[in-house]
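Trainee: Below is the file entry_23.txt, which contains compact mmCIF, C-alpha atoms.
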```txt
# COMPACT_ATOMS: atom_id res chain seq x y z
CA HIS A 293 2.98 -4.23 19.32
CA HIS A 294 2.60 -4.93 15.60
CA TRP A 295 0.01 -7.55 16.45
CA LEU A 296 -1.93 -5.06 18.56
CA LEU A 297 -1.99 -2.43 15.80
CA GLY A 298 -3.38 -4.97 13.36
CA VAL A 299 -6.02 -6.27 15.76
CA LEU A 300 -7.26 -2.81 16.70
CA PHE A 301 -7.12 -0.88 13.44
CA LEU A 302 -6.43 -3.06 10.38
CA ASN A 303 -10.08 -3.83 9.62
CA ALA A 304 -11.05 -0.17 10.01
CA LEU A 305 -8.22 0.93 7.71
CA ASN A 306 -9.23 -1.62 5.08
CA ASP A 307 -12.85 -0.48 5.30
CA ASP A 308 -11.80 3.15 4.81
CA CYS A 309 -9.66 2.20 1.81
CA ARG A 310 -12.49 0.23 0.21
CA GLN A 311 -14.90 3.11 0.79
CA PHE A 312 -12.46 5.58 -0.78
CA GLN A 313 -11.97 3.22 -3.75
CA GLN A 314 -15.70 2.94 -4.33
CA GLU A 315 -16.27 6.68 -4.05
CA TRP A 316 -13.32 7.50 -6.33
CA ASN A 317 -14.38 5.03 -9.00
CA SER A 318 -17.91 6.46 -8.96
CA HIS A 319 -17.17 10.19 -8.91
CA PRO A 320 -17.47 12.18 -12.18
CA ILE A 321 -14.29 13.65 -13.64
CA ARG A 322 -14.53 17.08 -15.21
CA GLY A 323 -12.95 17.62 -18.62
CA SER A 324 -13.52 17.66 -22.35
CA ASP A 325 -12.19 14.10 -22.69
CA THR A 326 -14.01 12.59 -19.74
CA ARG A 327 -17.32 14.48 -20.11
CA TYR A 328 -18.03 14.09 -16.40
CA ARG A 329 -17.85 10.33 -16.60
CA SER A 330 -16.60 8.35 -13.64
CA PRO A 331 -13.56 6.04 -13.84
CA GLN A 332 -15.93 3.10 -13.66
CA ASP A 333 -18.01 4.46 -16.56
CA MET A 334 -14.92 5.03 -18.71
CA ARG A 335 -13.62 1.54 -17.98
CA LEU A 336 -16.88 -0.12 -18.96
CA LEU A 337 -17.27 2.00 -22.10
CA GLY A 338 -13.70 1.26 -23.10
CA GLN A 339 -14.18 -2.48 -22.68
CA ALA A 340 -17.45 -2.35 -24.63
CA SER A 341 -15.90 -0.50 -27.59
CA LEU A 342 -12.32 -1.81 -27.59
CA GLY A 343 -12.54 -5.10 -25.74
CA VAL A 344 -10.86 -6.25 -22.54
CA TYR A 345 -7.14 -5.46 -22.46
CA GLU A 346 -4.85 -8.36 -21.64
CA ASP A 347 -1.27 -7.50 -20.74
CA GLU A 348 0.99 -10.10 -22.33
CA PHE A 349 3.95 -8.71 -20.41
CA GLN A 350 2.36 -8.81 -16.97
CA GLY A 351 4.94 -9.57 -14.30
CA ILE A 352 7.94 -8.38 -16.32
CA ARG A 353 9.88 -5.49 -14.82
CA PRO A 354 9.52 -2.15 -16.67
CA ALA A 355 13.31 -1.85 -16.91
CA VAL A 356 13.48 -5.13 -18.83
CA LEU A 357 10.73 -4.04 -21.23
CA GLN A 358 12.45 -0.71 -21.81
CA ARG A 359 15.76 -2.41 -22.51
CA TYR A 360 14.48 -4.90 -25.08
CA TYR A 361 11.27 -3.29 -26.34
CA GLY A 362 11.84 0.42 -25.75
CA ILE A 363 11.69 3.31 -28.20
CA TYR A 364 15.07 2.39 -29.61
CA GLY A 365 13.97 -1.09 -30.62
CA ARG A 366 15.42 -4.37 -29.59
CA GLU A 367 19.01 -4.58 -28.51
CA MET A 368 21.14 -5.64 -31.47
CA ILE A 369 23.62 -8.38 -30.71
CA HIS A 370 26.62 -8.62 -33.05
CA HIS A 371 28.89 -11.61 -33.27
CA HIS A 372 32.66 -11.35 -32.94
CA ASN A 373 34.20 -9.11 -35.64
CA GLN A 374 30.74 -8.14 -36.86
CA THR A 375 30.02 -4.41 -37.01
CA GLY A 376 26.47 -4.61 -38.35
CA ALA A 377 27.38 -2.96 -41.65
CA GLY A 378 25.47 -4.55 -44.52
CA HIS A 379 22.98 -6.19 -42.18
CA PRO A 380 19.42 -4.79 -42.17
CA ILE A 381 18.64 -3.41 -38.73
CA ASP A 382 15.27 -5.15 -38.65
CA LYS A 383 16.69 -8.59 -39.46
CA VAL A 384 17.42 -10.80 -36.50
CA ASP A 385 18.16 -14.46 -37.06
CA GLU A 386 16.73 -17.19 -34.86
CA SER A 387 19.91 -17.65 -32.83
CA ASP A 388 19.94 -13.96 -31.92
CA GLU A 389 16.23 -14.12 -31.07
CA ASP A 390 16.81 -17.10 -28.77
CA SER A 391 19.75 -15.32 -27.18
CA ILE A 392 17.63 -12.27 -26.38
CA ILE A 393 14.89 -14.44 -24.88
CA ASP A 394 17.46 -16.25 -22.74
CA ARG A 395 18.86 -12.95 -21.51
CA ILE A 396 15.40 -11.64 -20.64
CA GLU A 397 14.67 -14.80 -18.68
CA GLN A 398 17.98 -14.44 -16.88
CA ASP A 399 17.25 -10.82 -16.02
CA GLN A 400 13.89 -11.83 -14.60
CA ALA A 401 15.45 -14.65 -12.61
CA ASN A 402 18.04 -12.32 -11.10
CA ALA A 403 15.29 -9.93 -10.05
CA VAL A 404 13.67 -12.43 -7.72
CA GLN A 405 16.66 -14.35 -6.41
CA HIS A 406 17.30 -12.44 -3.21
CA ASP A 407 17.26 -13.09 0.49
CA ALA A 408 13.86 -13.27 2.10
CA VAL A 409 12.64 -9.99 3.56
CA GLU A 410 12.09 -10.13 7.29
CA VAL A 411 8.55 -9.11 8.20
CA PRO A 412 7.11 -8.32 11.63
CA ASP A 413 5.59 -11.21 13.50
CA GLY A 414 1.82 -10.92 13.22
CA ASP A 415 0.98 -13.80 15.54
CA ALA A 416 -0.66 -13.21 18.90
CA PRO A 417 1.95 -12.95 21.67
CA PHE A 418 0.01 -15.08 24.13
CA GLN A 419 0.98 -18.59 25.14
CA ASN A 420 -2.51 -19.96 24.74
CA GLU A 421 -6.03 -19.03 23.68
CA GLU A 422 -7.16 -18.67 27.30
CA ASN A 423 -4.74 -15.78 27.93
CA GLU A 424 -5.76 -14.12 24.68
CA ASN A 425 -9.43 -14.32 25.63
CA MET A 426 -8.59 -12.87 29.03
CA PHE A 427 -6.88 -9.92 27.33
CA PHE A 428 -9.93 -9.06 25.25
CA GLU A 429 -12.29 -9.47 28.20
CA ILE A 430 -10.25 -7.00 30.25
CA LEU A 431 -10.05 -4.60 27.32
CA GLU A 432 -13.82 -4.72 26.82
CA GLU A 433 -14.41 -3.96 30.49
CA ILE A 434 -11.97 -1.03 30.51
CA VAL A 435 -13.53 0.43 27.35
CA MET A 436 -17.04 0.14 28.81
CA GLU A 437 -15.99 1.87 32.02
CA GLY A 438 -14.15 4.60 30.12
CA ILE A 439 -10.86 4.16 31.97
CA VAL A 440 -8.02 6.20 30.43
CA PRO A 441 -4.54 5.04 31.51
CA GLU A 442 -1.85 7.49 32.56
CA GLY A 443 1.34 8.12 30.64
CA TYR A 444 -0.13 8.23 27.14
CA ASN A 445 -0.64 12.02 26.81
CA LEU A 446 -4.38 11.58 27.03
CA GLN A 447 -5.16 12.94 30.44
CA GLU A 448 -5.36 16.63 31.22
CA GLY A 449 -1.96 18.20 31.83
CA GLU A 450 0.05 15.37 30.28
CA ASP A 451 0.52 17.02 26.88
CA GLU A 452 1.75 20.61 26.91
CA ASN A 453 1.31 20.88 23.13
CA ASP A 454 -2.30 19.73 23.05
CA GLU A 455 -3.72 22.09 20.43
CA ASN A 456 -6.29 21.78 17.68
CA THR A 457 -4.36 21.97 14.43
CA SER A 458 -5.05 21.52 10.74
CA GLU A 459 -3.16 20.45 7.66
CA TYR A 460 -3.86 21.71 4.15
CA LEU A 461 -3.60 19.53 1.06
CA ARG A 462 -3.22 21.13 -2.38
CA VAL A 463 -5.56 19.51 -4.91
CA GLY A 464 -6.66 20.08 -8.50
CA ARG A 465 -4.84 19.80 -11.79
CA GLN A 466 -2.95 23.03 -11.12
CA ARG A 467 -2.93 22.43 -7.35
CA GLU A 468 -4.80 25.71 -7.00
CA HIS A 469 -7.28 24.47 -4.40
CA HIS A 470 -6.78 23.56 -0.77
CA VAL A 471 -8.56 20.97 1.35
CA GLU A 472 -8.37 21.38 5.09
CA VAL A 473 -7.71 18.20 7.07
CA SER A 474 -8.50 18.70 10.71
CA LEU A 475 -6.20 17.17 13.29
CA ALA A 476 -8.42 18.32 16.11
CA ASP A 477 -8.45 16.21 19.22
CA PRO A 478 -12.04 14.87 18.89
CA ILE A 479 -11.19 13.17 15.60
CA TRP A 480 -8.31 11.11 17.00
CA ARG A 481 -9.37 10.83 20.64
CA THR A 482 -11.33 7.59 20.21
CA HIS A 483 -8.51 5.79 18.39
CA SER A 484 -5.73 7.04 20.64
CA THR A 485 -7.71 6.14 23.76
CA LEU A 486 -8.37 2.61 22.50
CA TRP A 487 -4.69 2.20 21.67
CA ALA A 488 -3.64 3.38 25.14
CA GLN A 489 -6.11 1.08 26.85
CA ALA A 490 -5.01 -1.97 24.88
CA ALA A 491 -1.29 -1.16 25.11
CA SER A 492 -1.45 -0.69 28.89
CA ILE A 493 -3.12 -4.09 29.32
CA LEU A 494 -0.55 -5.70 27.07
CA ASP A 495 2.24 -4.14 29.13
CA HIS A 496 0.72 -5.62 32.30
CA PHE A 497 0.56 -9.05 30.67
CA GLU A 498 4.21 -8.75 29.66
CA ALA A 499 5.28 -7.55 33.11
CA ASN A 500 3.63 -10.55 34.69
CA VAL A 501 5.16 -12.92 32.11
CA ILE A 502 1.76 -14.11 30.91
CA PHE A 503 3.18 -14.54 27.42
```
Could you render the structure as structure tokens?

Mentor:
Amino acid sequence: HHWLLGVLFLNALNDDCRQFQQEWNSHPIRGSDTRYRSPQDMRLLGQASLGVYEDEFQGIRPAVLQRYYGIYGREMIHHHNQTGAGHPIDKVDESDEDSIIDRIEQDQANAVQHDAVEVPDGDAPFQNEENENMFFEILEEIVMEGIVPEGYNLQEGEDENDENTSEYLRVGRQREHHVEVSLADPIWRTHSTLWAQAASILDHFEANVIF
């Protein structure tokens, strides 16, 4: 059912995320440093006054940067029987420099040489395009007629714990404010009903070995 979740809700989730991003980047931030500027304003002002920042270490793991370029300086590499006494701590010869670079490259190589991660199959489960079109035609008809399938805790009496509830999120710098997030049935009813309608059709297709 991974495919079904993506088909039904992925575009809506992406739209909500883009809307949140736009609103967040445009909202003013209170404070003596920000002066009610938005993140977008501060970014543009920063680029205008300081230039565009280019990260020369983009793609390198933070642990590698901390190891070789952290607050304690670069890792000193001593040769056999060499204690470092009498050698300035800021003097690194070319061979040592090359050795450090080689070790960084090796660390980076080890970080990506792993077995491929198995991901859910996102392809449509139907044997052909005709069956897929049939699925969406049936779904459209059921949605238009308002048919709610049984066994999905959507019909009256199916869910004994069907209550309007709320969750509270603590917000603010000191987390002193609360925002109420309603989990009332009307908010989720449309999405849960669409999921039940589509899932029931998909189950019928599977039972009849249509895919």

Trainee: Nearest to Gly443 (chain A) among A:Ser474, A:Ala488, A:Asp333, A:Asp399, with distances taken over only C-alpha atoms: which residue is it?

Mentor: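 That would be A:Ala488, the residue with the smallest distance to Gly443 (chain A).
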
Trainee: May I ask for the distance between CA of Val344 (chain A) and CA of Gln314 (chain A), given in Å to one decimal place?

Mentor: 21.0 Å

Trainee: Figure out the distance between CA of Asp307 (chain A) and CA of Asn420 (chain A), please, to one decimal in Å.

Mentor: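 For CA of Asn420 (chain A) relative to CA of Asp307 (chain A), the distance reads 29.4 Å.
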
Trainee: Looking at A:Phe418, A:Glu397, A:Glu433, A:Asn303, which one is nearest to Leu357 (chain A), with distances taken over all atoms listed in the file?

Mentor: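 The shortest atom-to-atom distance to Leu357 (chain A) comes from A:Glu397.
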
Trainee: By how many Å are CA of Ser341 (chain A) and CA of Tyr328 (chain A) apart?

Mentor: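 Here the two named atoms are 18.5 Å from each other.
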
Trainee: Fewer than 2 positions away in the same chain doesn't count, so skip those; otherwise give me all residues within 12 Å of Asp415 (chain A), counting only C-alpha atoms, as a ChimeraX atom specification.

Mentor: /A:293-299,411-413,417-421,424

Trainee: In terms of the shortest atom-to-atom distance over all atoms listed in the file, which of A:Ala490, A:Ile321, A:Leu336, A:Ile352 is closest to Glu432 (chain A)?

Mentor: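 Comparing A:Ala490, A:Ile321, A:Leu336, A:Ile352 against Glu432 (chain A), the winner is A:Ala490.
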
Trainee: Find the residues near His483 (chain A): any atom within 12 Å, counting only C-alpha atoms, skip ones fewer than 3 places away on the same chain, and give them as number ranges by chain.

Mentor: A: 297, 300-301, 304-305, 435, 446, 477-480, 486-490

Trainee: Return the single residue from A:Ser458, A:Ile393, A:Ile493, A:Thr326 that is closest to His470 (chain A), with distances computed using all atoms listed in the file.

Mentor: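 Distance minimum relative to His470 (chain A) lands on A:Ser458.
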